[in-house]
$ cat entry-v1.txt   # compact mmCIF, C-alpha atoms
# COMPACT_ATOMS: atom_id res chain seq x y z
CA MET P 22 24.62 16.42 0.18
CA GLU P 23 24.50 18.01 3.56
CA HIS P 24 24.07 15.40 6.25
CA LEU P 25 22.44 16.86 9.36
CA ASP P 26 23.06 15.14 12.66
CA LYS P 27 20.25 12.80 13.63
CA LYS P 28 18.84 14.90 16.47
CA GLY P 29 18.85 18.09 14.42
CA LEU P 30 17.18 16.31 11.55
CA ILE P 31 14.41 14.92 13.74
CA GLU P 32 13.74 18.37 15.23
CA LEU P 33 13.60 19.95 11.79
CA GLU P 34 11.27 17.33 10.34
CA ASN P 35 8.97 17.50 13.38
CA THR P 36 8.72 21.27 12.94
CA LEU P 37 7.91 20.86 9.24
CA ILE P 38 5.32 18.16 9.96
CA SER P 39 3.64 20.36 12.59
CA ARG P 40 3.50 23.27 10.16
CA PHE P 41 2.10 21.05 7.41
CA THR P 42 -0.59 19.50 9.60
CA GLY P 43 -1.41 23.04 10.76
CA GLY P 44 -2.29 23.94 7.18
CA ASP P 45 1.01 25.22 5.77
CA ALA P 46 1.32 23.25 2.54
CA GLU P 47 4.65 24.91 1.76
CA ALA P 48 6.20 23.12 4.74
CA PHE P 49 5.80 19.94 2.73
CA ALA P 50 8.26 21.29 0.17
CA GLY P 51 10.81 21.49 3.01
CA LEU P 52 10.24 17.82 3.86
CA VAL P 53 10.63 16.91 0.20
CA GLU P 54 13.91 18.80 0.03
CA LEU P 55 15.16 16.95 3.10
CA TYR P 56 14.24 13.51 1.86
CA LYS P 57 14.07 13.52 -1.94
CA ASP P 58 17.61 12.26 -2.58
CA ARG P 59 17.46 9.72 0.23
CA VAL P 60 14.11 8.33 -0.90
CA HIS P 61 15.47 8.21 -4.45
CA GLN P 62 18.55 6.35 -3.24
CA PHE P 63 16.45 3.87 -1.29
CA ILE P 64 14.36 3.23 -4.41
CA ILE P 65 17.57 2.51 -6.33
CA CYS P 66 18.71 0.23 -3.50
CA ILE P 67 15.51 -1.78 -3.84
CA LEU P 68 14.98 -1.73 -7.60
CA GLY P 69 18.48 -1.12 -8.89
CA PRO P 70 19.08 1.62 -11.48
CA ASP P 71 15.58 2.30 -12.80
CA ARG P 72 14.45 4.82 -15.39
CA GLU P 73 11.20 5.21 -13.46
CA ALA P 74 12.94 5.97 -10.17
CA GLU P 75 11.95 9.64 -10.31
CA ASP P 76 8.31 8.77 -11.03
CA ILE P 77 8.34 6.32 -8.16
CA ALA P 78 9.84 8.98 -5.88
CA GLN P 79 6.97 11.30 -6.87
CA GLU P 80 4.48 8.56 -6.08
CA VAL P 81 6.11 8.06 -2.68
CA PHE P 82 5.87 11.76 -1.81
CA ILE P 83 2.25 11.92 -2.97
CA GLN P 84 1.54 8.99 -0.64
CA ILE P 85 3.33 10.82 2.17
CA TYR P 86 1.34 13.98 1.41
CA ILE P 87 -1.93 12.07 1.59
CA SER P 88 -1.05 10.10 4.73
CA LEU P 89 0.91 12.66 6.72
CA GLY P 90 -2.22 13.82 8.54
CA ASN P 91 -2.49 10.35 10.07
CA PHE P 92 1.20 10.15 10.99
CA ARG P 93 1.78 9.89 14.71
CA CYS P 94 5.20 10.96 15.84
CA GLU P 95 5.60 7.74 17.87
CA ALA P 96 7.86 6.40 15.11
CA ALA P 97 10.55 8.43 13.35
CA PHE P 98 9.35 10.11 10.18
CA SER P 99 12.33 8.69 8.29
CA THR P 100 11.43 5.10 9.19
CA TRP P 101 7.83 5.71 8.22
CA ALA P 102 8.85 7.33 4.93
CA TYR P 103 11.11 4.40 4.06
CA SER P 104 8.32 1.93 4.89
CA LEU P 105 6.04 3.79 2.47
CA THR P 106 8.82 3.78 -0.13
CA ARG P 107 9.26 0.04 0.30
CA ASN P 108 5.53 -0.51 -0.18
CA VAL P 109 5.40 1.64 -3.31
CA CYS P 110 8.38 -0.27 -4.76
CA ARG P 111 6.74 -3.58 -3.88
CA ARG P 112 3.53 -2.51 -5.63
CA ARG P 113 5.52 -1.38 -8.66
CA LEU P 114 7.29 -4.73 -8.84
CA ARG P 115 3.96 -6.52 -8.60
CA ASP P 116 2.59 -4.38 -11.44
CA ARG P 117 5.57 -5.42 -13.53
CA GLY P 118 4.82 -9.04 -12.77
CA ARG P 119 7.96 -9.55 -10.74
CA ALA P 120 8.30 -11.16 -7.32
CA ALA P 121 7.48 -8.54 -4.69
CA ASP P 122 9.02 -10.36 -1.72
CA LEU P 123 11.78 -7.80 -1.36
CA PHE P 124 13.60 -8.77 1.80
CA GLY P 125 12.27 -12.20 2.62
CA GLY P 126 15.77 -13.67 2.75
CA ALA P 127 16.68 -14.20 -0.90
CA GLY P 128 20.00 -12.56 -1.67
CA ASP P 129 21.21 -12.69 1.91
CA GLU P 130 24.04 -15.10 1.37
CA ALA P 131 27.27 -13.96 2.98
CA GLY P 132 30.00 -13.42 0.43
CA HIS P 133 32.64 -14.76 2.74
CA GLU P 134 33.64 -14.47 6.35
CA LEU P 135 34.76 -11.10 7.61
CA ARG P 136 37.95 -12.56 9.00
CA ASP P 137 39.31 -12.85 5.46
CA MET P 138 39.25 -9.19 4.67
CA ALA P 139 41.80 -7.52 6.90
CA PRO P 140 43.09 -4.72 4.71
CA SER P 141 46.74 -4.40 3.89
CA ILE P 142 46.32 -0.79 2.81
CA GLU P 143 43.94 1.96 3.83
CA ILE P 144 41.16 2.80 1.45
CA LYS P 145 41.83 6.29 0.13
CA LEU P 146 38.30 7.62 0.20
CA GLU P 147 39.24 10.99 -1.17
CA ASN P 148 40.46 9.26 -4.29
CA GLU P 149 37.84 9.69 -7.01
CA GLU P 150 38.65 6.34 -8.57
CA THR P 151 38.20 4.57 -5.23
CA GLY P 152 34.87 6.33 -4.76
CA LYS P 153 33.64 5.00 -8.10
CA THR P 154 34.86 1.51 -7.22
CA ILE P 155 33.01 1.55 -3.90
CA ARG P 156 29.84 2.86 -5.53
CA ALA P 157 30.03 0.15 -8.17
CA ALA P 158 30.67 -2.49 -5.51
CA VAL P 159 27.59 -1.39 -3.52
CA ALA P 160 25.52 -1.26 -6.73
CA GLY P 161 26.54 -4.84 -7.47
CA LEU P 162 25.06 -6.17 -4.22
CA SER P 163 21.60 -7.68 -3.82
CA PRO P 164 18.69 -5.30 -3.08
CA LEU P 165 18.63 -6.53 0.52
CA HIS P 166 22.35 -5.90 1.07
CA ARG P 167 22.21 -2.51 -0.65
CA SER P 168 19.27 -1.47 1.52
CA VAL P 169 20.85 -2.74 4.73
CA ILE P 170 24.11 -0.93 3.97
CA PHE P 171 22.30 2.29 3.07
CA LEU P 172 20.20 2.29 6.24
CA SER P 173 22.96 1.21 8.63
CA CYS P 174 26.00 3.03 7.21
CA TRP P 175 24.49 6.14 5.64
CA GLU P 176 21.36 6.67 7.70
CA HIS P 177 22.85 5.29 10.95
CA PHE P 178 19.54 3.61 11.74
CA SER P 179 19.19 1.45 14.84
CA TYR P 180 18.39 -2.25 14.51
CA ALA P 181 14.73 -1.56 15.31
CA GLU P 182 14.51 1.19 12.69
CA ILE P 183 16.12 -1.00 10.03
CA ALA P 184 13.71 -3.80 10.91
CA GLU P 185 10.72 -1.49 10.54
CA ALA P 186 11.92 0.11 7.31
CA LEU P 187 12.64 -3.24 5.67
CA ASP P 188 9.79 -5.15 7.31
CA ILE P 189 12.09 -7.84 8.69
CA PRO P 190 12.36 -9.20 12.25
CA VAL P 191 14.64 -7.21 14.57
CA GLY P 192 16.42 -10.43 15.47
CA THR P 193 17.68 -10.89 11.93
CA VAL P 194 19.03 -7.37 11.40
CA ARG P 195 22.43 -8.11 12.90
CA SER P 196 23.04 -11.10 10.65
CA ARG P 197 21.78 -9.14 7.64
CA ILE P 198 24.31 -6.39 8.37
CA HIS P 199 27.07 -8.97 8.80
CA ASN P 200 26.23 -10.68 5.52
CA ALA P 201 25.95 -7.36 3.68
CA MET P 202 29.33 -6.22 4.96
CA ALA P 203 30.90 -9.57 4.04
CA ALA P 204 29.41 -9.35 0.53
CA LEU P 205 30.71 -5.80 0.19
CA ALA P 206 34.15 -6.92 1.42
CA GLN P 207 34.19 -9.56 -1.28
CA LYS P 208 33.32 -7.00 -3.95
CA LEU P 209 36.00 -4.66 -2.66
CA GLU P 210 38.65 -7.34 -2.36
CA PRO P 211 40.81 -5.85 -5.14
CA VAL P 212 40.79 -2.47 -3.37
CA LEU P 213 41.16 -3.77 0.18
CA ASN P 214 43.78 -6.44 -0.51
CA PRO P 215 45.44 -5.90 -3.88
CA ASP P 216 48.36 -8.16 -2.91
CA ARG P 217 46.06 -11.06 -2.05
CA GLY P 218 44.30 -10.67 -5.38
CA GLU P 219 47.60 -10.85 -7.21
CA ARG P 220 48.74 -13.92 -5.26
CA GLN P 221 45.58 -15.88 -6.13
CA MET T 24 37.37 -11.44 27.61
CA ASN T 25 37.47 -14.00 24.81
CA CYS T 26 37.79 -13.15 21.14
CA LEU T 27 34.69 -11.45 19.78
CA SER T 28 32.02 -13.30 17.83
CA LYS T 29 30.81 -11.89 14.51
CA ASP T 30 27.64 -10.63 16.19
CA GLU T 31 29.71 -8.78 18.78
CA PHE T 32 31.75 -7.10 16.04
CA ILE T 33 28.54 -5.93 14.39
CA ASP T 34 27.11 -4.76 17.72
CA TYR T 35 30.29 -2.86 18.51
CA LEU T 36 30.13 -0.88 15.27
CA PHE T 37 26.42 -0.64 14.51
CA SER T 38 24.37 -0.99 17.69
CA GLU T 39 23.37 1.92 19.87
CA ASP T 40 22.43 -0.41 22.69
CA ARG T 41 24.03 0.91 25.85
CA SER T 42 24.07 -2.50 27.49
CA ILE T 43 26.89 -3.60 25.18
CA ASP T 44 30.17 -3.97 27.05
CA ARG T 45 32.21 -1.62 24.87
CA ALA T 46 34.90 -1.12 27.49
CA GLY T 47 35.44 -4.86 27.73
CA MET T 48 35.63 -5.17 23.93
CA GLU T 49 38.13 -2.31 23.69
CA GLY T 50 40.21 -3.91 26.43
CA HIS T 51 40.28 -7.08 24.37
CA PHE T 52 41.31 -5.19 21.22
CA SER T 53 44.32 -3.82 23.11
CA ILE T 54 45.65 -7.33 23.74
CA CYS T 55 44.39 -9.27 20.69
CA ALA T 56 45.92 -8.22 17.38
CA GLY T 57 43.59 -10.51 15.39
CA CYS T 58 40.37 -9.01 16.74
CA ARG T 59 41.82 -5.52 16.51
CA ALA T 60 42.65 -6.04 12.82
CA LYS T 61 39.20 -7.46 12.12
CA MET T 62 37.53 -4.56 13.88
CA GLU T 63 39.65 -2.05 11.95
CA ALA T 64 38.80 -3.77 8.68
CA LEU T 65 35.11 -3.70 9.46
CA LYS T 66 35.28 -0.08 10.55
CA GLN T 67 37.04 0.84 7.32
CA LEU T 68 34.43 -1.03 5.33
CA LYS T 69 31.67 0.84 7.13
CA THR T 70 33.37 4.16 6.43
CA ALA T 71 33.73 3.22 2.77
CA ALA T 72 30.04 2.26 2.52
CA ALA T 73 29.03 5.48 4.29
CA SER T 74 30.99 7.51 1.75
CA VAL T 75 28.53 6.57 -0.99
CA ALA T 76 26.24 9.58 -0.96
CA PRO T 77 22.75 9.24 -2.43
CA ASP T 78 22.41 9.93 -6.12
CA PRO T 79 20.75 13.35 -6.39
CA LEU T 80 17.47 13.64 -8.22
CA PRO T 81 17.33 15.92 -11.27
CA GLY T 82 16.77 19.60 -10.54
CA GLY T 83 13.21 20.86 -10.27
CA PHE T 84 11.88 17.68 -8.69
CA THR T 85 10.34 19.51 -5.72
CA ALA T 86 8.74 22.17 -7.94
CA ARG T 87 7.23 19.54 -10.23
CA LEU T 88 5.92 17.56 -7.29
CA MET T 89 4.41 20.61 -5.59
CA GLY T 90 2.75 21.57 -8.89
CA LYS T 91 1.23 18.13 -9.15
CA LEU T 92 -0.01 18.30 -5.55
CA ALA T 93 -1.50 21.77 -6.16
CA GLU T 94 -3.40 20.41 -9.19
CA ARG T 95 -4.61 17.54 -7.10
CA ASP T 96 -5.83 19.85 -4.33
CA ALA T 97 -7.52 22.17 -6.83
CA ALA T 98 -9.98 19.49 -7.93
CA PRO T 99 -10.94 17.67 -4.75
CA GLN T 100 -14.70 17.75 -5.44
CA ALA T 101 -14.47 16.21 -8.87
CA ALA T 102 -12.43 13.42 -7.44
CA ALA T 103 -14.57 12.99 -4.34
CA VAL T 104 -17.90 12.49 -6.09
CA PRO T 105 -16.90 9.52 -8.24
CA ALA T 106 -15.09 8.09 -5.26
CA LEU T 107 -18.24 8.26 -3.16
CA PHE T 108 -20.32 6.95 -6.04
CA THR T 109 -18.09 3.97 -6.63
CA ARG T 110 -17.89 3.31 -2.90
CA PHE T 111 -21.64 3.31 -2.26
CA PHE T 112 -23.16 2.43 -5.61
CA ARG T 113 -21.26 -0.46 -6.97
CA PRO T 114 -22.79 -2.15 -10.07
CA ALA T 115 -23.09 -5.48 -8.24
CA TRP T 116 -25.16 -3.80 -5.55
CA GLY T 117 -27.40 -2.27 -8.27
CA PHE T 118 -28.04 -5.67 -9.83
CA GLY T 119 -28.75 -7.11 -6.39
CA LEU T 120 -31.22 -4.36 -5.58
CA ALA T 121 -32.99 -4.82 -8.93
CA ALA T 122 -33.27 -8.58 -8.39
CA PHE T 123 -34.62 -7.99 -4.88
CA ALA T 124 -37.24 -5.55 -6.19
CA VAL T 125 -38.38 -8.02 -8.86
CA ALA T 126 -38.60 -10.81 -6.28
CA MET T 127 -40.60 -8.60 -3.91
CA TYR T 128 -43.03 -7.62 -6.67
CA ALA T 129 -43.49 -11.23 -7.74
CA GLY T 130 -44.09 -12.24 -4.13
CA VAL T 131 -46.71 -9.57 -3.58
CA VAL T 132 -48.50 -10.46 -6.82
CA PHE T 133 -48.45 -14.13 -5.93
CA LEU T 134 -49.70 -13.65 -2.37
CA THR T 135 -52.52 -11.24 -3.18
CA GLY T 136 -53.58 -13.04 -6.35
CA HIS T 137 -54.00 -9.64 -7.85
CA ARG T 138 -52.93 -10.85 -11.24
CA ALA T 139 -54.46 -14.34 -11.00
CA PRO T 140 -57.09 -15.22 -13.69
CA ARG T 141 -60.59 -14.39 -12.54
CA PRO T 142 -63.88 -15.48 -14.07
CA ALA T 143 -65.50 -12.92 -16.25
CA THR T 144 -68.77 -11.46 -15.10
CA VAL T 145 -71.72 -12.74 -17.07
CA GLU T 146 -74.38 -10.31 -17.94
CA ALA T 147 -77.84 -11.29 -19.00
CA LEU T 148 -80.24 -8.90 -20.57
CA TYR T 149 -83.94 -9.45 -20.59
CA PHE T 150 -86.27 -7.40 -22.60
CA SER T 151 -89.90 -7.42 -21.86
CA ASP T 152 -92.89 -5.50 -23.10
CA GLY T 153 -94.65 -5.94 -19.86
CA PRO T 154 -93.65 -5.75 -16.24
CA ALA T 155 -90.13 -6.70 -15.45
CA THR T 156 -89.47 -10.40 -15.42
CA VAL T 157 -86.66 -12.20 -13.85
CA ASN T 158 -85.03 -15.40 -14.99
CA SER T 159 -84.95 -16.96 -11.60
CA ALA T 160 -82.82 -19.88 -12.75
CA PHE T 161 -80.10 -17.54 -13.76
CA PHE T 162 -80.23 -15.41 -10.65
CA ALA T 163 -80.82 -18.23 -8.22
CA PRO T 164 -78.34 -17.90 -5.33
CA GLU T 165 -77.80 -21.65 -5.16
CA ALA T 166 -77.06 -21.96 -8.84
CA PRO T 167 -74.50 -24.73 -9.24
CA SER T 168 -70.95 -23.78 -9.93
CA GLY T 169 -70.08 -24.02 -13.57
CA HIS T 170 -73.57 -23.15 -14.78
CA ASN T 171 -73.20 -22.10 -18.38
CA GLY T 172 -69.52 -22.63 -17.89
CA VAL T 173 -69.43 -19.83 -15.36
CA PRO T 174 -69.06 -20.27 -11.63
CA GLY T 175 -71.89 -18.93 -9.57
CA GLY T 176 -71.63 -15.65 -7.72
CA ASN T 177 -70.17 -13.61 -10.52
CA ARG T 178 -73.34 -12.67 -12.28
CA ALA T 179 -75.00 -9.41 -12.97
CA GLY T 180 -78.32 -9.07 -14.66
CA TYR T 181 -80.23 -6.22 -16.20
CA VAL T 182 -83.92 -6.30 -16.73
CA TYR T 183 -85.40 -3.75 -19.02
CA THR T 184 -89.05 -2.91 -19.40
CA ASP T 185 -90.74 -1.05 -22.20
CA SER T 186 -91.04 1.95 -20.06
CA CYS T 187 -87.41 2.18 -19.25
CA GLU T 188 -85.81 0.71 -22.35
CA THR T 189 -84.87 4.11 -23.62
CA ALA T 190 -83.62 5.31 -20.31
CA ARG T 191 -81.90 1.91 -19.64
CA CYS T 192 -82.43 2.38 -15.96
CA GLY T 193 -83.59 -1.04 -14.97
CA ILE T 194 -80.60 -2.24 -13.18
CA LEU T 195 -81.57 -5.17 -10.99
$ encode --input "entry-v1.txt" --output "structure tokens"
Amino acid sequence: MEHLDKKGLIELENTLISRFTGGDAEAFAGLVELYKDRVHQFIICILGPDREAEDIAQEVFIQIYISLGNFRCEAAFSTWAYSLTRNVCRRRLRDRGRAADLFGGAGDEAGHELRDMAPSIEIKLENEETGKTIRAAVAGLSPLHRSVIFLSCWEHFSYAEIAEALDIPVGTVRSRIHNAMAALAQKLEPVLNPDRGERQ
Amino acid sequence: MNCLSKDEFIDYLFSEDRSIDRAGMEGHFSICAGCRAKMEALKQLKTAAASVAPDPLPGGFTARLMGKLAERDAAPQAAAVPALFTRFFRPAWGFGLAAFAVAMYAGVVFLTGHRAPRPATVEALYFSDGPATVNSAFFAPEAPSGHNGVPGGNRAGYVYTDSCETARCGIL
């Protein structure tokens, strides 16, 4: 997937939003193209692999379509879109009779301290096998850690943006990132430190 | 500068806050192998996490969505009317209005006595073959209440004479 730089992306989405609110419904298709995979990924971060993820993504974009007229560009569109996605997922969980407190703190235990994970070899990211291992490691994290990693590492969101997207206090974002990275380090231990794994 | 805390490591790699002393941190990394190794490990972890691209949605998602939105826009009236109806005419409000109307009607009937039982008018007919005669006891204005079981004041009498019996015009 092409990853535009943040400034370019904001300019493009603002142009599309202006065209849409000016009556050009086709501009909405452009916004969908920009965000469909990211919204889908965020849904998977929250719910895990879900056969209804595509339906939920449709529901999210319908919500965006309905509410976009009221969107004020004071906040970033991406943050707003992720907040809507979070709410749709929460509602879906409630409909399924599951706890809808997504990021209240459950699942935020640190795997271990970051000091333990100094790598003895470099992760070969171009290696297909390593890519699968990393993806599986991220998938094995809690919804909170998956979401924090997605927003901080992939989306490069600021603390304030992460706080708004996940509906958590700004003051806790730093510790959430730390705990998520520590949990990921623990999952990737065999890749990061194969010697240590053998010694234990 | 002392060794970095875990929050400072996170700030160094993830925060865009310009007030962070990056130069001081980098100076520390140049002299502290432990912090440098930790920072490198964290940076590598971040790069690894950032390499996980979003799972793409199946093809045709946008077209299906836009089709659904077009259908939705094509029937705004049909959707709007029930929405307005349910917003302004909720069943509970209907029951409330009906109960209020019944209460108002009952109140009006009670206050005006419109439906209260009223004594029937007593009619007395007198036939005479001579000049008209009047039963003064019956028509007496001071007749006691309950005379003949009928309260006074609700009486009407007709006196007929021979001359007007056929025409029945002798209304008193």
$ residues_around --input "entry-v1.txt" --residues "Phe41 of chain P" --least-positions-apart "3" --cutoff "10 Å" --atoms "all atoms listed in the file" --output "PyMOL selection string"
chain P and resi 35-38+44-52+86+89-90
$ closest_residue --input "entry-v1.txt" --among "P:His61, P:Arg113, P:His166, P:Arg40" --to "chain T" --atoms "all atoms listed in the file"
P:His61
$ closest_atom_pairs --input "entry-v1.txt" --of "chain T" --to "chain P" --cutoff "10 Å" --atoms "only C-alpha atoms" --output "JSON lines"
{"residue": "T:Lys29", "atom": "CA", "partner": "P:His199", "partner_atom": "CA", "distance": 7.4}
{"residue": "T:Asp30", "atom": "CA", "partner": "P:Arg195", "partner_atom": "CA", "distance": 6.7}
{"residue": "T:Glu31", "atom": "CA", "partner": "P:Arg195", "partner_atom": "CA", "distance": 9.4}
{"residue": "T:Phe32", "atom": "CA", "partner": "P:His199", "partner_atom": "CA", "distance": 8.8}
{"residue": "T:Ile33", "atom": "CA", "partner": "P:His199", "partner_atom": "CA", "distance": 6.5}
{"residue": "T:Asp34", "atom": "CA", "partner": "P:Arg195", "partner_atom": "CA", "distance": 7.5}
{"residue": "T:Leu36", "atom": "CA", "partner": "P:Cys174", "partner_atom": "CA", "distance": 9.9}
{"residue": "T:Phe37", "atom": "CA", "partner": "P:Ser173", "partner_atom": "CA", "distance": 7.1}
{"residue": "T:Ser38", "atom": "CA", "partner": "P:Ser179", "partner_atom": "CA", "distance": 6.4}
{"residue": "T:Glu39", "atom": "CA", "partner": "P:Ser179", "partner_atom": "CA", "distance": 6.6}
{"residue": "T:Asp40", "atom": "CA", "partner": "P:Ser179", "partner_atom": "CA", "distance": 8.7}
{"residue": "T:Gly57", "atom": "CA", "partner": "P:Arg136", "partner_atom": "CA", "distance": 8.8}
{"residue": "T:Cys58", "atom": "CA", "partner": "P:Arg136", "partner_atom": "CA", "distance": 8.9}
{"residue": "T:Arg59", "atom": "CA", "partner": "P:Ala139", "partner_atom": "CA", "distance": 9.8}
{"residue": "T:Ala60", "atom": "CA", "partner": "P:Ala139", "partner_atom": "CA", "distance": 6.2}
{"residue": "T:Lys61", "atom": "CA", "partner": "P:Ala139", "partner_atom": "CA", "distance": 5.8}
{"residue": "T:Met62", "atom": "CA", "partner": "P:Ala139", "partner_atom": "CA", "distance": 8.7}
{"residue": "T:Glu63", "atom": "CA", "partner": "P:Ala139", "partner_atom": "CA", "distance": 7.7}
{"residue": "T:Ala64", "atom": "CA", "partner": "P:Ala139", "partner_atom": "CA", "distance": 5.1}
{"residue": "T:Leu65", "atom": "CA", "partner": "P:Leu135", "partner_atom": "CA", "distance": 7.6}
{"residue": "T:Gln67", "atom": "CA", "partner": "P:Ile144", "partner_atom": "CA", "distance": 7.4}
{"residue": "T:Leu68", "atom": "CA", "partner": "P:Ala206", "partner_atom": "CA", "distance": 7.1}
{"residue": "T:Lys69", "atom": "CA", "partner": "P:Cys174", "partner_atom": "CA", "distance": 6.1}
{"residue": "T:Thr70", "atom": "CA", "partner": "P:Cys174", "partner_atom": "CA", "distance": 7.5}
{"residue": "T:Ala71", "atom": "CA", "partner": "P:Leu146", "partner_atom": "CA", "distance": 6.8}
{"residue": "T:Ala72", "atom": "CA", "partner": "P:Cys174", "partner_atom": "CA", "distance": 6.2}
{"residue": "T:Ala73", "atom": "CA", "partner": "P:Trp175", "partner_atom": "CA", "distance": 4.8}
{"residue": "T:Ser74", "atom": "CA", "partner": "P:Leu146", "partner_atom": "CA", "distance": 7.5}
{"residue": "T:Val75", "atom": "CA", "partner": "P:Arg156", "partner_atom": "CA", "distance": 6.0}
{"residue": "T:Ala76", "atom": "CA", "partner": "P:Met22", "partner_atom": "CA", "distance": 7.1}
{"residue": "T:Pro77", "atom": "CA", "partner": "P:Gln62", "partner_atom": "CA", "distance": 5.2}
{"residue": "T:Asp78", "atom": "CA", "partner": "P:Gln62", "partner_atom": "CA", "distance": 6.0}
{"residue": "T:Pro79", "atom": "CA", "partner": "P:Asp58", "partner_atom": "CA", "distance": 5.1}
{"residue": "T:Leu80", "atom": "CA", "partner": "P:Asp58", "partner_atom": "CA", "distance": 5.8}
{"residue": "T:Pro81", "atom": "CA", "partner": "P:Glu75", "partner_atom": "CA", "distance": 8.3}
{"residue": "T:Phe84", "atom": "CA", "partner": "P:Glu75", "partner_atom": "CA", "distance": 8.2}
{"residue": "T:Thr85", "atom": "CA", "partner": "P:Val53", "partner_atom": "CA", "distance": 6.5}
{"residue": "T:Ala86", "atom": "CA", "partner": "P:Ala50", "partner_atom": "CA", "distance": 8.2}
{"residue": "T:Arg87", "atom": "CA", "partner": "P:Gln79", "partner_atom": "CA", "distance": 8.9}
{"residue": "T:Leu88", "atom": "CA", "partner": "P:Gln79", "partner_atom": "CA", "distance": 6.4}
{"residue": "T:Met89", "atom": "CA", "partner": "P:Ala50", "partner_atom": "CA", "distance": 7.0}
{"residue": "T:Lys91", "atom": "CA", "partner": "P:Ile83", "partner_atom": "CA", "distance": 8.8}
{"residue": "T:Leu92", "atom": "CA", "partner": "P:Ile83", "partner_atom": "CA", "distance": 7.2}
{"residue": "T:Ala93", "atom": "CA", "partner": "P:Ala46", "partner_atom": "CA", "distance": 9.3}
{"residue": "T:Arg95", "atom": "CA", "partner": "P:Ile83", "partner_atom": "CA", "distance": 9.8}
$ write_last_selection --input "entry-v1.txt" --atoms "C-alpha atoms" --output "short mmCIF file (atom, residue, chain, number, x, y, z; two decimals), keeping the file's coordinate frame"
data_model
loop_
_atom_site.label_atom_id
_atom_site.label_comp_id
_atom_site.auth_asym_id
_atom_site.auth_seq_id
_atom_site.Cartn_x
_atom_site.Cartn_y
_atom_site.Cartn_z
CA LYS T 29 30.81 -11.89 14.51
CA ASP T 30 27.64 -10.63 16.19
CA GLU T 31 29.71 -8.78 18.78
CA PHE T 32 31.75 -7.10 16.04
CA ILE T 33 28.54 -5.93 14.39
CA ASP T 34 27.11 -4.76 17.72
CA LEU T 36 30.13 -0.88 15.27
CA PHE T 37 26.42 -0.64 14.51
CA SER T 38 24.37 -0.99 17.69
CA GLU T 39 23.37 1.92 19.87
CA ASP T 40 22.43 -0.41 22.69
CA GLY T 57 43.59 -10.51 15.39
CA CYS T 58 40.37 -9.01 16.74
CA ARG T 59 41.82 -5.52 16.51
CA ALA T 60 42.65 -6.04 12.82
CA LYS T 61 39.20 -7.46 12.12
CA MET T 62 37.53 -4.56 13.88
CA GLU T 63 39.65 -2.05 11.95
CA ALA T 64 38.80 -3.77 8.68
CA LEU T 65 35.11 -3.70 9.46
CA GLN T 67 37.04 0.84 7.32
CA LEU T 68 34.43 -1.03 5.33
CA LYS T 69 31.67 0.84 7.13
CA THR T 70 33.37 4.16 6.43
CA ALA T 71 33.73 3.22 2.77
CA ALA T 72 30.04 2.26 2.52
CA ALA T 73 29.03 5.48 4.29
CA SER T 74 30.99 7.51 1.75
CA VAL T 75 28.53 6.57 -0.99
CA ALA T 76 26.24 9.58 -0.96
CA PRO T 77 22.75 9.24 -2.43
CA ASP T 78 22.41 9.93 -6.12
CA PRO T 79 20.75 13.35 -6.39
CA LEU T 80 17.47 13.64 -8.22
CA PRO T 81 17.33 15.92 -11.27
CA PHE T 84 11.88 17.68 -8.69
CA THR T 85 10.34 19.51 -5.72
CA ALA T 86 8.74 22.17 -7.94
CA ARG T 87 7.23 19.54 -10.23
CA LEU T 88 5.92 17.56 -7.29
CA MET T 89 4.41 20.61 -5.59
CA LYS T 91 1.23 18.13 -9.15
CA LEU T 92 -0.01 18.30 -5.55
CA ALA T 93 -1.50 21.77 -6.16
CA ARG T 95 -4.61 17.54 -7.10
#
$ atom_distance --input "entry-v1.txt" --atom1 "atom CA of Thr106 of chain P" --atom2 "atom CA of Ile67 of chain P"
9.5 Å
$ atom_distance --input "entry-v1.txt" --atom1 "atom CA of Phe52 of chain T" --atom2 "atom CA of Leu27 of chain T"
9.2 Å
$ residues_around --input "entry-v1.txt" --residues "Arg45 of chain T" --least-positions-apart "3" --cutoff "10 Å" --atoms "all atoms listed in the file" --output "ChimeraX atom specification"
/T:31,34-36,41-42,48-51
$ atom_distance --input "entry-v1.txt" --atom1 "atom CA of Lys66 of chain T" --atom2 "atom CA of Ser99 of chain P"
24.7 Å
$ residues_around --input "entry-v1.txt" --residues "Val109 of chain P" --least-positions-apart "2" --cutoff "10 Å" --atoms "all atoms listed in the file" --output "PyMOL selection string"
chain P and resi 64+77-78+80-81+84+103-107+111-115
